[in-house]
Each structure stands twice: as C-alpha cells, then as structure tokens.
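Chemist: I have a structure I would like to understand better, so I am pasting it below and will then ask my questions one at a time.
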Number of protein chains: 2
Amino acid sequence: MSRVSGRLATELKQTRPFRSRRQEGTLGLLRTADVVRRKISEVVEPHGLTLQQYNVLRILRGAGPDGLPTLEIASRMIEASPGITRLLDRLEEKRLVARVRCPKDRRRVLCTATPEALRLLASLDAPVHAADDGALRMLTDRQTEALIALLDAIRSGPS
Amino acid sequence: MSRVSGRLATELKQTRPFRSRRQEGTLGLLRTADVVRRKISEVVEPHGLTLQQYNVLRILRGAGPDGLPTLEIASRMIEASPGITRLLDRLEEKRLVARVRCPKDRRRVLCTATPEALRLLASLDAPVHAADDGALRMLTDRQTEALIALLDAIRSGPS
DNA sequence: GGAAAATACTTGACATATCAATTAATGATC
DNA sequence: GATCATTAATTGATATGTCAAGTATTTTCC
C-alpha cells in the first residue's frame with residue numbers, strides 16, 4: 001500500500017513512506033507546479049512583472065477596451081489572489097493599468113490595460129508561450145491530453 | 001490546433017484560445033495545484049501553521065533527534081523556499097523548532113522538532129492525510145498512477 | 001601554511017500575500 | 001421610500017516571500 005521508493009520520495013529524500021498513492025499524487029502535483037511556476041516566472045520577471053501581474057494584464061487584454069471590474073479580474077486568475085486591489089495599485093503606478101469608476105454602478109472600478117501594457121504583452125507572447133509549451137515538452141500529445149483530463153477531474157471535485 | 005472550449009477556458013472565462021494543448025496543460029497544472037494547495041492549507045492554518053511551516057516540521061520529524069542543517073531542510077521542501085532562515089526563526093519563536101550550531105562544522109545550524117511540535121504533528125496526521133488523499137479522491141487507482149507518472153516525467157525535464 | 005574559493009547561513013530592504021474590518025453603493029422587502 | 005442585506009472594493013495590520021549583499025567557517029590547492 002505504501003512506498004518510499006518513488007521518484008518524488010527520492011527527490012525529497014523521504015525517510016517515511018507515503019501513506020497512499022493519492023497522497024503521493026497530491027504532493028507530486030504541488031511540487032511539479034512549483035517547479036513549472038518558477039520556470040515561467042523567469043520569463044516575465046526580467047520585464048518587471050510577477051506572474052500574477054502578468055496574468056492580470058493578459059486578462060485585461062482579453063477583455064478589450066471596456067475593461068473589467070476588479071473582482072471579476074480576481075475570479076479569472078489562474079491562482080486566486082485576495083490581494084487584487086494592491087496588485088492593481090502597483091500596475092497602475094507602473095502605468096500598465098488604468099482605472100475608472102463605473103458610471104452605471106459606482107461601486108465598481110473598471111480596469112483596462114494601457115497601450116504600454118499591450119506593447120509589453122506583445123513582446124512577451126512568444127517567449128511566454130515557449131515556456132508554457134516547453135514545460136510539458138517531454139509529454140507526447142496523448143500524454144498531454146491525459147494530463148489535462150486528469151487535472152480537470154481533480155478540479156471538478158468529488159462528483 | 002487551438003481551442004477556447006475546454007473546461008479550464010470556461011473556468012477562466014477565456015476569450016482567446018490556448019495556443020497549444022501543452023499550454024493548456026501547463027496552466028491547468030498551475031490552477032489545479034493552487035486549488036489543492038488552498039484546500040490543504042485550510043487544515044493546518046487553524047493550528048497556526050502555514051503549509052511551508054508544516055512541511056518543515058514534517059521534514060524535521062522524519063530526520064529524527066539528530067536534526068538537519070538549515071539548507072538541507074530547504075532542499076527537501078515540496079515548494080522551494082529561499083526564506084528558510086526566517087521561516088525557521090518563526091518556528092523557533094513558537095518553540096516548535098530548536099537550533100544548535102553543529103560542533104563538527106560550525107557553519108551549520110542543526111534544527112530539530114521540539115516535543116511540542118511532535119505532539120502538534122501527531123494531532124494533524126489524520127486530518128492532513130485525509131486532505132492529501134481526498135484531493136484526488138475522484139481519481140481511480142489507475143488514474144492516480146497515471147498522474148504520478150506524468151508529473152514525474154514533467155519534473156524530470158527534457159530527458 | 002596561507003591565499004583564494006566554496007559553503008552555510010544571516011541580514012537588510014523591499015515586494016507581495018493574507019485576513020479582518022471598513023466604506024460606499026446598490027438591491028430587496030415590507 | 002426607509003430599513004436591512006448584499007455587493008464591490010479598499011484599507012490596516014501583520015506575515016511571508018524574494019533578492020542581493022554580508023559574515024563566518026571550512027576546503028582547496030599551490
């Protein structure tokens with residue numbers, strides 16, 4: 001049932017076995033994501049952006065000139081970000097995001113990517129895609145499909 | 001080649017297609033890990049520990065009474081942590097970690113888990129395992145094996 | 001055995017994350 | 001149409017993460 005001899009156990013120099021294969025899978029998931037995350041961060045950080053900031057700009061580019069309200073951005077992020085307001089503060093300081101209060105609903109603040117942000121994003125498209133794609137370059141097409149299906153299943157919950 | 005219609009694209013309300021299935025897999029990996037990470041955090045944080053702190057204590061428990069030098073702990077962590085010194089500072093303040101300079105090599109600082117930490121860990125074993133295991137409870141045994149193999153392949157690099 | 005390189009941390013400065021409490025505006029209800 | 005609940009976002013306090021530079025100790029190697 002349990003094992004210390006997996007690849008992950010070796011990486012972490014574990015002295016105790018995993019209590020189940022599912023536990024091994026969960027810890028492998030967290031570790032693998034951390035490795036991949038750092039690799040992709042290396043592409044955007046030299047340009048003065050964290051991954052989260054980059055993700056916000058991508059979302060705003062996709063939303064177009066109408067922009068999106070603050071919390072709507074947060075809900076679309078790959079990694080949840082309760083600090084969305086201050087994240088936007090920093091992007092606004094760097095003149096990469098513009099914010100205006102929505103006239104229809106004055107509680108909302110509509111955020112848009114500035115032309116400067118769009119230029120920056122354009123210059124990052126190729127290297128970021130290369131990194132995203134490259135992170136899984138050792139998988140065959142079938143393996144990639146299998147991975148996507150497994151991850152979808154994990155996020156979709158017990159069902 | 002590209003698609004906007006996947007489950008992940010729906011979750012993130014994407015307006016643009018992924019540029020490749022590998023990119024979709026990479027972003028799915030990051031998002032899934034974030035979801036799972038938060039779920040497991042919920043188990044340990046009510047006990048005053050972050051996931052990283054919990055991970056350190058687990059490593060020290062596994063190392064036994066001899067303890068481990070600071071950077072050796074860092075190298076065994078599931079998620080890399082350049083702030084290991086201060087992470088240990090906080091655990092020491094909480095009296096969960098004891099540190100002594102190694103007499104054989106005075107550059108090193110040997111860290112051990114205190115009896116209090118061992119008691120805390122013992123009380124967390126069952127709920128944490130339930131969360132680790134539960135995160136993948138929707139996968140069959142075969143799917144779990146497949147996931148572990150795919151994650152191993154990703155971490156092992158281009159090969 | 002003594003200078004230079006490598007190792008093992010530590011520290012300072014700063015950025016970012018997290019949670020709870022707060023403000024402002026809108027919606028719902030009677 | 002005033003009250004109450006809800007929603008959207010901000011703020012304050014604090015914890016944590018990150019990078020570069022610094023210190024102490026050991027190792028290398030001539």
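Quick note on naming: the chains in the structure tokens go A, B, ... in the order shown, residues restart at 1 in each chain, and ligands are numbered from 1 in order of appearance.
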Taking only C-alpha atoms (C1' of nucleotides) into account, find every residue of chain C that has an atom no more than 10 Å from chain B, and write it out as a list of chain:residue names.
Modeler: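 Putting it all together, I get C:DT7, C:DA8, C:DC9, C:DT10.
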Chemist: Can you write just those residues out, N, CA and C atoms (P, O5', C5', C4', C3', O3' and C1' of nucleotides), as a CSV table (one decimal), in the first residue's frame?
Modeler:
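part-v9.csv, freshly written:
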```
chain,number,residue,atom,x,y,z
C,7,DT,P,30.7,24.7,-3.2
C,7,DT,O5',30.3,24.9,-1.7
C,7,DT,C5',31.0,24.1,-0.7
C,7,DT,C4',30.5,24.6,0.7
C,7,DT,C3',29.0,24.6,0.8
C,7,DT,O3',28.7,23.7,1.9
C,7,DT,C1',29.9,26.6,1.7
C,8,DA,P,27.3,23.4,2.4
C,8,DA,O5',27.0,24.5,3.5
C,8,DA,C5',27.6,24.4,4.8
C,8,DA,C4',26.9,25.5,5.7
C,8,DA,C3',25.4,25.6,5.6
C,8,DA,O3',24.9,25.7,6.9
C,8,DA,C1',26.3,27.7,5.1
C,9,DC,P,23.3,25.3,7.1
C,9,DC,O5',22.7,26.7,6.5
C,9,DC,C5',22.1,27.5,7.4
C,9,DC,C4',23.0,28.7,7.7
C,9,DC,C3',22.2,29.9,8.2
C,9,DC,O3',22.4,30.1,9.5
C,9,DC,C1',23.9,30.6,6.6
C,10,DT,P,21.2,30.8,10.3
C,10,DT,O5',21.6,32.4,10.0
C,10,DT,C5',22.8,32.9,10.3
C,10,DT,C4',22.9,34.4,9.9
C,10,DT,C3',21.6,35.2,10.3
C,10,DT,O3',22.1,36.2,11.1
C,10,DT,C1',22.2,35.6,8.0
```
Chemist: Using only C-alpha atoms (C1' of nucleotides) and a distance of at most 10 Å, pull out the residues of chain D that contact chain B, as a PyMOL selection string.
Modeler: chain D and resi 15-19+24-26
Chemist: Neighbours of DG12 of chain C within 10 Å (only C-alpha atoms (C1' of nucleotides); same-chain residues fewer than 2 positions away dropped), as number ranges by chain?
Modeler: C: 10, 14; D: 20-22
Chemist: Report the distance between atom C1' of DT3 of chain D and atom C1' of DT29 of chain C in Å, rounded to one decimal place.
Modeler: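 Atom C1' of DT29 of chain C lies at a distance of 9.0 Å from atom C1' of DT3 of chain D.
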Chemist: Quick one: pull the distance between atom CA of Ala126 of chain B and atom CA of Gln14 of chain A, Å, one decimal.
Modeler: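 Atom-to-atom, atom CA of Ala126 of chain B to atom CA of Gln14 of chain A, that is 18.8 Å.
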Chemist: Mind fitting chain B onto chain A over all Cα atoms in sequence order and sending the result as a short mmCIF file (atom, residue, chain, number, x, y, z; two decimals) with N, CA and C atoms, in the first residue's frame?
Modeler:
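Now in out-v2.cif:
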```cif
data_model
loop_
_atom_site.label_atom_id
_atom_site.label_comp_id
_atom_site.auth_asym_id
_atom_site.auth_seq_id
_atom_site.Cartn_x
_atom_site.Cartn_y
_atom_site.Cartn_z
N MET B 1 0.91 -1.29 0.03
CA MET B 1 0.11 -0.06 0.01
C MET B 1 0.98 1.19 0.00
N SER B 2 1.99 1.25 0.87
CA SER B 2 2.80 2.46 0.95
C SER B 2 4.16 2.22 0.30
N ARG B 3 4.84 3.33 -0.02
CA ARG B 3 6.14 3.19 -0.66
C ARG B 3 7.01 4.41 -0.40
N VAL B 4 8.29 4.18 -0.22
CA VAL B 4 9.25 5.28 -0.12
C VAL B 4 10.07 5.38 -1.39
N SER B 5 9.84 4.48 -2.31
CA SER B 5 10.81 4.31 -3.38
C SER B 5 10.47 5.06 -4.67
N GLY B 6 9.46 5.91 -4.65
CA GLY B 6 9.10 6.64 -5.87
C GLY B 6 10.11 7.73 -6.21
N ARG B 7 9.90 8.29 -7.37
CA ARG B 7 10.79 9.35 -7.81
C ARG B 7 10.69 10.57 -6.89
N LEU B 8 9.47 10.90 -6.51
CA LEU B 8 9.28 12.06 -5.65
C LEU B 8 9.94 11.84 -4.29
N ALA B 9 9.74 10.65 -3.73
CA ALA B 9 10.35 10.32 -2.43
C ALA B 9 11.87 10.49 -2.51
N THR B 10 12.45 10.10 -3.63
CA THR B 10 13.89 10.25 -3.82
C THR B 10 14.27 11.74 -3.88
N GLU B 11 13.50 12.50 -4.63
CA GLU B 11 13.77 13.94 -4.76
C GLU B 11 13.79 14.62 -3.39
N LEU B 12 12.83 14.25 -2.56
CA LEU B 12 12.69 14.89 -1.26
C LEU B 12 13.46 14.16 -0.16
N LYS B 13 14.22 13.13 -0.54
CA LYS B 13 14.99 12.32 0.40
C LYS B 13 14.13 11.85 1.56
N GLN B 14 12.97 11.36 1.21
CA GLN B 14 12.02 10.96 2.26
C GLN B 14 12.49 9.74 3.02
N THR B 15 12.27 9.77 4.31
CA THR B 15 12.64 8.63 5.14
C THR B 15 11.42 7.78 5.46
N ARG B 16 10.24 8.37 5.27
CA ARG B 16 9.01 7.63 5.55
C ARG B 16 8.23 7.45 4.26
N PRO B 17 7.49 6.35 4.18
CA PRO B 17 6.71 6.11 2.96
C PRO B 17 5.52 7.05 2.88
N PHE B 18 5.04 7.28 1.67
CA PHE B 18 3.76 7.96 1.53
C PHE B 18 2.69 7.04 2.11
N ARG B 19 1.65 7.64 2.64
CA ARG B 19 0.61 6.82 3.25
C ARG B 19 -0.36 6.26 2.22
N SER B 20 -0.37 6.87 1.04
CA SER B 20 -1.21 6.33 -0.04
C SER B 20 -0.70 6.88 -1.36
N ARG B 21 -1.09 6.21 -2.43
CA ARG B 21 -0.69 6.71 -3.75
C ARG B 21 -1.34 8.05 -4.04
N ARG B 22 -2.54 8.26 -3.51
CA ARG B 22 -3.19 9.54 -3.73
C ARG B 22 -2.42 10.66 -3.04
N GLN B 23 -1.91 10.36 -1.85
CA GLN B 23 -1.10 11.37 -1.18
C GLN B 23 0.15 11.68 -2.01
N GLU B 24 0.76 10.64 -2.52
CA GLU B 24 1.94 10.85 -3.37
C GLU B 24 1.59 11.71 -4.58
N GLY B 25 0.43 11.46 -5.15
CA GLY B 25 -0.01 12.25 -6.30
C GLY B 25 -0.23 13.71 -5.93
N THR B 26 -0.84 13.95 -4.79
CA THR B 26 -1.11 15.31 -4.35
C THR B 26 0.18 16.08 -4.14
N LEU B 27 1.13 15.45 -3.43
CA LEU B 27 2.39 16.15 -3.18
C LEU B 27 3.18 16.33 -4.48
N GLY B 28 3.09 15.35 -5.36
CA GLY B 28 3.74 15.48 -6.66
C GLY B 28 3.15 16.64 -7.46
N LEU B 29 1.86 16.79 -7.34
CA LEU B 29 1.18 17.90 -8.04
C LEU B 29 1.70 19.24 -7.53
N LEU B 30 1.78 19.39 -6.21
CA LEU B 30 2.24 20.66 -5.63
C LEU B 30 3.69 20.93 -6.03
N ARG B 31 4.52 19.90 -5.95
CA ARG B 31 5.92 20.11 -6.28
C ARG B 31 6.12 20.43 -7.76
N THR B 32 5.43 19.70 -8.60
CA THR B 32 5.59 19.91 -10.04
C THR B 32 5.13 21.31 -10.42
N ALA B 33 4.01 21.73 -9.85
CA ALA B 33 3.51 23.07 -10.15
C ALA B 33 4.52 24.13 -9.71
N ASP B 34 5.16 23.92 -8.56
CA ASP B 34 6.14 24.89 -8.08
C ASP B 34 7.31 24.99 -9.04
N VAL B 35 7.78 23.84 -9.51
CA VAL B 35 8.90 23.82 -10.46
C VAL B 35 8.52 24.57 -11.75
N VAL B 36 7.35 24.25 -12.26
CA VAL B 36 6.90 24.86 -13.52
C VAL B 36 6.65 26.36 -13.33
N ARG B 37 6.04 26.71 -12.21
CA ARG B 37 5.75 28.10 -11.92
C ARG B 37 7.02 28.95 -11.93
N ARG B 38 8.05 28.44 -11.29
CA ARG B 38 9.31 29.18 -11.23
C ARG B 38 9.94 29.34 -12.61
N LYS B 39 9.79 28.31 -13.43
CA LYS B 39 10.35 28.38 -14.77
C LYS B 39 9.68 29.49 -15.58
N ILE B 40 8.37 29.57 -15.48
CA ILE B 40 7.65 30.58 -16.25
C ILE B 40 7.88 31.97 -15.66
N SER B 41 7.98 32.04 -14.33
CA SER B 41 8.29 33.32 -13.69
C SER B 41 9.57 33.93 -14.25
N GLU B 42 10.53 33.06 -14.50
CA GLU B 42 11.83 33.55 -15.01
C GLU B 42 11.70 34.31 -16.32
N VAL B 43 10.65 34.00 -17.05
CA VAL B 43 10.47 34.68 -18.34
C VAL B 43 9.91 36.08 -18.15
N VAL B 44 8.94 36.24 -17.26
CA VAL B 44 8.29 37.55 -17.12
C VAL B 44 8.98 38.47 -16.12
N GLU B 45 9.64 37.92 -15.11
CA GLU B 45 10.20 38.77 -14.06
C GLU B 45 11.31 39.72 -14.52
N PRO B 46 12.14 39.30 -15.48
CA PRO B 46 13.13 40.27 -15.99
C PRO B 46 12.48 41.50 -16.60
N HIS B 47 11.19 41.41 -16.95
CA HIS B 47 10.49 42.56 -17.51
C HIS B 47 9.72 43.32 -16.43
N GLY B 48 10.04 43.04 -15.17
CA GLY B 48 9.46 43.79 -14.07
C GLY B 48 8.06 43.37 -13.67
N LEU B 49 7.64 42.18 -14.12
CA LEU B 49 6.30 41.70 -13.77
C LEU B 49 6.40 40.41 -12.97
N THR B 50 5.54 40.28 -11.95
CA THR B 50 5.38 38.98 -11.31
C THR B 50 4.41 38.18 -12.19
N LEU B 51 4.35 36.89 -11.92
CA LEU B 51 3.45 36.05 -12.69
C LEU B 51 2.00 36.50 -12.52
N GLN B 52 1.66 36.90 -11.31
CA GLN B 52 0.29 37.37 -11.04
C GLN B 52 -0.02 38.64 -11.82
N GLN B 53 0.93 39.57 -11.83
CA GLN B 53 0.73 40.81 -12.58
C GLN B 53 0.57 40.51 -14.06
N TYR B 54 1.41 39.62 -14.55
CA TYR B 54 1.32 39.23 -15.95
C TYR B 54 -0.05 38.64 -16.25
N ASN B 55 -0.53 37.80 -15.36
CA ASN B 55 -1.83 37.17 -15.53
C ASN B 55 -2.94 38.22 -15.59
N VAL B 56 -2.88 39.23 -14.74
CA VAL B 56 -3.87 40.32 -14.76
C VAL B 56 -3.86 41.03 -16.11
N LEU B 57 -2.67 41.34 -16.59
CA LEU B 57 -2.58 42.06 -17.86
C LEU B 57 -3.14 41.22 -19.01
N ARG B 58 -2.86 39.92 -18.98
CA ARG B 58 -3.40 39.03 -20.01
C ARG B 58 -4.93 39.05 -19.99
N ILE B 59 -5.48 39.01 -18.80
CA ILE B 59 -6.93 39.02 -18.64
C ILE B 59 -7.50 40.32 -19.20
N LEU B 60 -6.83 41.43 -18.88
CA LEU B 60 -7.34 42.73 -19.34
C LEU B 60 -7.20 42.88 -20.85
N ARG B 61 -6.13 42.34 -21.40
CA ARG B 61 -6.01 42.38 -22.85
C ARG B 61 -7.18 41.62 -23.49
N GLY B 62 -7.48 40.45 -22.93
CA GLY B 62 -8.57 39.66 -23.47
C GLY B 62 -9.91 40.35 -23.34
N ALA B 63 -10.06 41.18 -22.32
CA ALA B 63 -11.34 41.84 -22.08
C ALA B 63 -11.56 43.01 -23.03
N GLY B 64 -10.50 43.54 -23.60
CA GLY B 64 -10.64 44.62 -24.55
C GLY B 64 -10.82 45.98 -23.90
N PRO B 65 -11.18 47.00 -24.71
CA PRO B 65 -11.18 48.39 -24.25
C PRO B 65 -12.23 48.70 -23.18
N ASP B 66 -13.27 47.88 -23.07
CA ASP B 66 -14.28 48.14 -22.03
C ASP B 66 -13.73 47.87 -20.63
N GLY B 67 -12.74 47.01 -20.56
CA GLY B 67 -12.15 46.68 -19.27
C GLY B 67 -13.02 45.75 -18.45
N LEU B 68 -12.56 45.48 -17.23
CA LEU B 68 -13.28 44.58 -16.33
C LEU B 68 -13.25 45.16 -14.92
N PRO B 69 -14.34 44.90 -14.15
CA PRO B 69 -14.32 45.31 -12.74
C PRO B 69 -13.32 44.47 -11.95
N THR B 70 -12.80 45.06 -10.90
CA THR B 70 -11.74 44.46 -10.08
C THR B 70 -11.98 43.00 -9.71
N LEU B 71 -13.12 42.71 -9.13
CA LEU B 71 -13.32 41.35 -8.64
C LEU B 71 -13.54 40.34 -9.76
N GLU B 72 -14.00 40.85 -10.89
CA GLU B 72 -14.14 39.97 -12.04
C GLU B 72 -12.75 39.51 -12.51
N ILE B 73 -11.78 40.41 -12.44
CA ILE B 73 -10.40 40.02 -12.77
C ILE B 73 -9.95 38.93 -11.81
N ALA B 74 -10.17 39.17 -10.52
CA ALA B 74 -9.73 38.20 -9.50
C ALA B 74 -10.31 36.82 -9.78
N SER B 75 -11.57 36.79 -10.18
CA SER B 75 -12.22 35.49 -10.37
C SER B 75 -11.68 34.75 -11.59
N ARG B 76 -11.02 35.46 -12.48
CA ARG B 76 -10.49 34.81 -13.68
C ARG B 76 -9.04 34.42 -13.56
N MET B 77 -8.43 34.73 -12.45
CA MET B 77 -6.99 34.45 -12.35
C MET B 77 -6.70 32.97 -12.17
N ILE B 78 -5.56 32.57 -12.68
CA ILE B 78 -5.14 31.17 -12.58
C ILE B 78 -4.93 30.80 -11.12
N GLU B 79 -4.27 31.68 -10.37
CA GLU B 79 -4.10 31.46 -8.94
C GLU B 79 -4.89 32.54 -8.20
N ALA B 80 -5.73 32.14 -7.28
CA ALA B 80 -6.58 33.08 -6.55
C ALA B 80 -5.72 34.18 -5.92
N SER B 81 -6.26 35.39 -5.86
CA SER B 81 -5.48 36.51 -5.34
C SER B 81 -6.36 37.47 -4.55
N PRO B 82 -6.43 37.27 -3.24
CA PRO B 82 -7.24 38.17 -2.41
C PRO B 82 -6.66 39.58 -2.40
N GLY B 83 -5.40 39.73 -2.75
CA GLY B 83 -4.77 41.05 -2.75
C GLY B 83 -4.91 41.76 -4.08
N ILE B 84 -6.01 41.49 -4.77
CA ILE B 84 -6.17 42.04 -6.12
C ILE B 84 -6.11 43.56 -6.17
N THR B 85 -6.68 44.23 -5.15
CA THR B 85 -6.68 45.70 -5.19
C THR B 85 -5.26 46.24 -5.25
N ARG B 86 -4.43 45.75 -4.34
CA ARG B 86 -3.06 46.27 -4.31
C ARG B 86 -2.23 45.81 -5.50
N LEU B 87 -2.57 44.64 -6.01
CA LEU B 87 -1.90 44.18 -7.22
C LEU B 87 -2.17 45.18 -8.34
N LEU B 88 -3.43 45.63 -8.43
CA LEU B 88 -3.79 46.63 -9.44
C LEU B 88 -3.17 47.99 -9.13
N ASP B 89 -3.07 48.32 -7.83
CA ASP B 89 -2.39 49.57 -7.44
C ASP B 89 -1.00 49.64 -8.07
N ARG B 90 -0.27 48.52 -7.94
CA ARG B 90 1.12 48.51 -8.43
C ARG B 90 1.16 48.62 -9.96
N LEU B 91 0.22 47.95 -10.60
CA LEU B 91 0.18 48.02 -12.06
C LEU B 91 -0.20 49.42 -12.52
N GLU B 92 -1.06 50.08 -11.74
CA GLU B 92 -1.46 51.44 -12.10
C GLU B 92 -0.26 52.39 -11.93
N GLU B 93 0.49 52.20 -10.83
CA GLU B 93 1.70 53.01 -10.61
C GLU B 93 2.68 52.88 -11.77
N LYS B 94 2.78 51.68 -12.30
CA LYS B 94 3.68 51.44 -13.43
C LYS B 94 3.06 51.88 -14.75
N ARG B 95 1.87 52.44 -14.69
CA ARG B 95 1.14 52.91 -15.88
C ARG B 95 0.83 51.76 -16.85
N LEU B 96 0.57 50.59 -16.29
CA LEU B 96 0.20 49.46 -17.15
C LEU B 96 -1.30 49.20 -17.08
N VAL B 97 -1.94 49.79 -16.09
CA VAL B 97 -3.39 49.63 -15.92
C VAL B 97 -4.00 51.00 -15.65
N ALA B 98 -5.18 51.23 -16.26
CA ALA B 98 -5.94 52.46 -15.97
C ALA B 98 -7.24 52.06 -15.29
N ARG B 99 -7.65 52.85 -14.30
CA ARG B 99 -8.87 52.52 -13.57
C ARG B 99 -9.84 53.70 -13.59
N VAL B 100 -11.10 53.40 -13.87
CA VAL B 100 -12.15 54.43 -13.78
C VAL B 100 -13.37 53.84 -13.10
N ARG B 101 -14.03 54.65 -12.33
CA ARG B 101 -15.24 54.18 -11.67
C ARG B 101 -16.35 54.02 -12.71
N CYS B 102 -17.04 52.91 -12.60
CA CYS B 102 -18.11 52.62 -13.56
C CYS B 102 -19.29 53.53 -13.30
N PRO B 103 -19.78 54.22 -14.35
CA PRO B 103 -20.88 55.18 -14.16
C PRO B 103 -22.22 54.47 -13.89
N LYS B 104 -22.41 53.32 -14.48
CA LYS B 104 -23.66 52.56 -14.31
C LYS B 104 -23.79 52.03 -12.88
N ASP B 105 -22.66 51.59 -12.34
CA ASP B 105 -22.67 51.05 -10.98
C ASP B 105 -21.43 51.57 -10.28
N ARG B 106 -21.65 52.59 -9.47
CA ARG B 106 -20.51 53.33 -8.93
C ARG B 106 -19.73 52.55 -7.86
N ARG B 107 -20.18 51.35 -7.55
CA ARG B 107 -19.37 50.51 -6.65
C ARG B 107 -18.19 49.92 -7.41
N ARG B 108 -18.38 49.74 -8.70
CA ARG B 108 -17.37 49.06 -9.50
C ARG B 108 -16.27 49.97 -10.00
N VAL B 109 -15.11 49.38 -10.20
CA VAL B 109 -13.99 50.09 -10.78
C VAL B 109 -13.56 49.32 -12.02
N LEU B 110 -13.68 49.96 -13.18
CA LEU B 110 -13.31 49.26 -14.41
C LEU B 110 -11.84 49.45 -14.71
N CYS B 111 -11.17 48.34 -14.96
CA CYS B 111 -9.73 48.36 -15.21
C CYS B 111 -9.45 47.99 -16.66
N THR B 112 -8.51 48.70 -17.25
CA THR B 112 -8.11 48.38 -18.62
C THR B 112 -6.59 48.36 -18.72
N ALA B 113 -6.10 47.62 -19.69
CA ALA B 113 -4.66 47.61 -19.96
C ALA B 113 -4.31 48.83 -20.81
N THR B 114 -3.24 49.52 -20.46
CA THR B 114 -2.82 50.68 -21.24
C THR B 114 -2.10 50.23 -22.52
N PRO B 115 -1.96 51.15 -23.49
CA PRO B 115 -1.21 50.80 -24.70
C PRO B 115 0.20 50.31 -24.38
N GLU B 116 0.80 50.90 -23.37
CA GLU B 116 2.13 50.46 -22.95
C GLU B 116 2.10 48.99 -22.51
N ALA B 117 1.05 48.63 -21.76
CA ALA B 117 0.92 47.24 -21.32
C ALA B 117 0.73 46.32 -22.52
N LEU B 118 -0.03 46.76 -23.48
CA LEU B 118 -0.28 45.93 -24.66
C LEU B 118 1.01 45.70 -25.44
N ARG B 119 1.85 46.72 -25.49
CA ARG B 119 3.15 46.56 -26.17
C ARG B 119 4.01 45.55 -25.41
N LEU B 120 4.05 45.72 -24.08
CA LEU B 120 4.83 44.80 -23.26
C LEU B 120 4.34 43.36 -23.44
N LEU B 121 3.03 43.17 -23.40
CA LEU B 121 2.46 41.84 -23.57
C LEU B 121 2.84 41.26 -24.93
N ALA B 122 2.76 42.09 -25.95
CA ALA B 122 3.07 41.60 -27.30
C ALA B 122 4.50 41.07 -27.34
N SER B 123 5.39 41.79 -26.66
CA SER B 123 6.80 41.36 -26.69
C SER B 123 7.01 40.08 -25.87
N LEU B 124 6.08 39.80 -24.96
CA LEU B 124 6.22 38.61 -24.12
C LEU B 124 5.49 37.40 -24.67
N ASP B 125 4.62 37.60 -25.65
CA ASP B 125 3.80 36.49 -26.15
C ASP B 125 4.63 35.27 -26.56
N ALA B 126 5.61 35.50 -27.40
CA ALA B 126 6.38 34.37 -27.90
C ALA B 126 7.17 33.66 -26.80
N PRO B 127 7.96 34.40 -26.01
CA PRO B 127 8.72 33.70 -24.96
C PRO B 127 7.84 33.02 -23.91
N VAL B 128 6.71 33.63 -23.55
CA VAL B 128 5.85 33.00 -22.55
C VAL B 128 5.22 31.73 -23.12
N HIS B 129 4.77 31.82 -24.36
CA HIS B 129 4.20 30.61 -24.94
C HIS B 129 5.24 29.51 -25.03
N ALA B 130 6.45 29.89 -25.38
CA ALA B 130 7.52 28.89 -25.45
C ALA B 130 7.75 28.24 -24.09
N ALA B 131 7.66 29.03 -23.03
CA ALA B 131 7.86 28.48 -21.69
C ALA B 131 6.68 27.60 -21.29
N ASP B 132 5.46 28.08 -21.53
CA ASP B 132 4.25 27.30 -21.20
C ASP B 132 4.29 25.96 -21.92
N ASP B 133 4.57 26.06 -23.20
CA ASP B 133 4.58 24.87 -24.03
C ASP B 133 5.76 23.97 -23.66
N GLY B 134 6.90 24.63 -23.42
CA GLY B 134 8.12 23.89 -23.13
C GLY B 134 8.06 23.13 -21.82
N ALA B 135 7.26 23.64 -20.88
CA ALA B 135 7.18 22.97 -19.58
C ALA B 135 6.68 21.54 -19.73
N LEU B 136 5.89 21.30 -20.76
CA LEU B 136 5.35 19.95 -20.98
C LEU B 136 5.92 19.30 -22.23
N ARG B 137 7.05 19.80 -22.70
CA ARG B 137 7.55 19.33 -24.00
C ARG B 137 7.97 17.86 -23.98
N MET B 138 8.14 17.30 -22.80
CA MET B 138 8.53 15.89 -22.71
C MET B 138 7.32 14.97 -22.79
N LEU B 139 6.12 15.53 -22.83
CA LEU B 139 4.93 14.70 -22.94
C LEU B 139 4.50 14.56 -24.40
N THR B 140 4.03 13.38 -24.74
CA THR B 140 3.45 13.19 -26.07
C THR B 140 2.08 13.88 -26.10
N ASP B 141 1.52 13.98 -27.29
CA ASP B 141 0.19 14.59 -27.41
C ASP B 141 -0.84 13.81 -26.58
N ARG B 142 -0.74 12.50 -26.63
CA ARG B 142 -1.71 11.69 -25.88
C ARG B 142 -1.53 11.88 -24.37
N GLN B 143 -0.28 11.97 -23.95
CA GLN B 143 -0.03 12.20 -22.52
C GLN B 143 -0.55 13.57 -22.09
N THR B 144 -0.38 14.54 -22.96
CA THR B 144 -0.87 15.88 -22.64
C THR B 144 -2.39 15.87 -22.48
N GLU B 145 -3.06 15.19 -23.39
CA GLU B 145 -4.52 15.07 -23.28
C GLU B 145 -4.90 14.39 -21.96
N ALA B 146 -4.16 13.34 -21.63
CA ALA B 146 -4.46 12.60 -20.40
C ALA B 146 -4.28 13.50 -19.17
N LEU B 147 -3.20 14.26 -19.19
CA LEU B 147 -2.93 15.17 -18.06
C LEU B 147 -4.06 16.19 -17.90
N ILE B 148 -4.45 16.81 -19.00
CA ILE B 148 -5.51 17.81 -18.96
C ILE B 148 -6.79 17.20 -18.39
N ALA B 149 -7.11 15.98 -18.82
CA ALA B 149 -8.33 15.33 -18.35
C ALA B 149 -8.24 15.04 -16.85
N LEU B 150 -7.07 14.59 -16.38
CA LEU B 150 -6.90 14.29 -14.96
C LEU B 150 -7.01 15.56 -14.12
N LEU B 151 -6.39 16.62 -14.59
CA LEU B 151 -6.44 17.89 -13.84
C LEU B 151 -7.87 18.42 -13.80
N ASP B 152 -8.57 18.33 -14.92
CA ASP B 152 -9.98 18.75 -14.95
C ASP B 152 -10.77 17.97 -13.91
N ALA B 153 -10.53 16.68 -13.86
CA ALA B 153 -11.26 15.83 -12.91
C ALA B 153 -10.97 16.25 -11.47
N ILE B 154 -9.72 16.56 -11.18
CA ILE B 154 -9.36 16.95 -9.82
C ILE B 154 -10.08 18.23 -9.43
N ARG B 155 -10.06 19.21 -10.32
CA ARG B 155 -10.71 20.48 -10.00
C ARG B 155 -12.23 20.35 -9.92
N SER B 156 -12.78 19.43 -10.65
CA SER B 156 -14.25 19.33 -10.67
C SER B 156 -14.79 18.72 -9.38
N GLY B 157 -13.90 18.24 -8.52
CA GLY B 157 -14.32 17.78 -7.20
C GLY B 157 -14.90 16.39 -7.21
N PRO B 158 -15.56 16.02 -6.09
CA PRO B 158 -16.01 14.65 -5.87
C PRO B 158 -16.92 14.15 -6.99
N SER B 159 -17.77 15.00 -7.46
CA SER B 159 -18.74 14.65 -8.50
C SER B 159 -19.53 13.44 -8.06
#
```
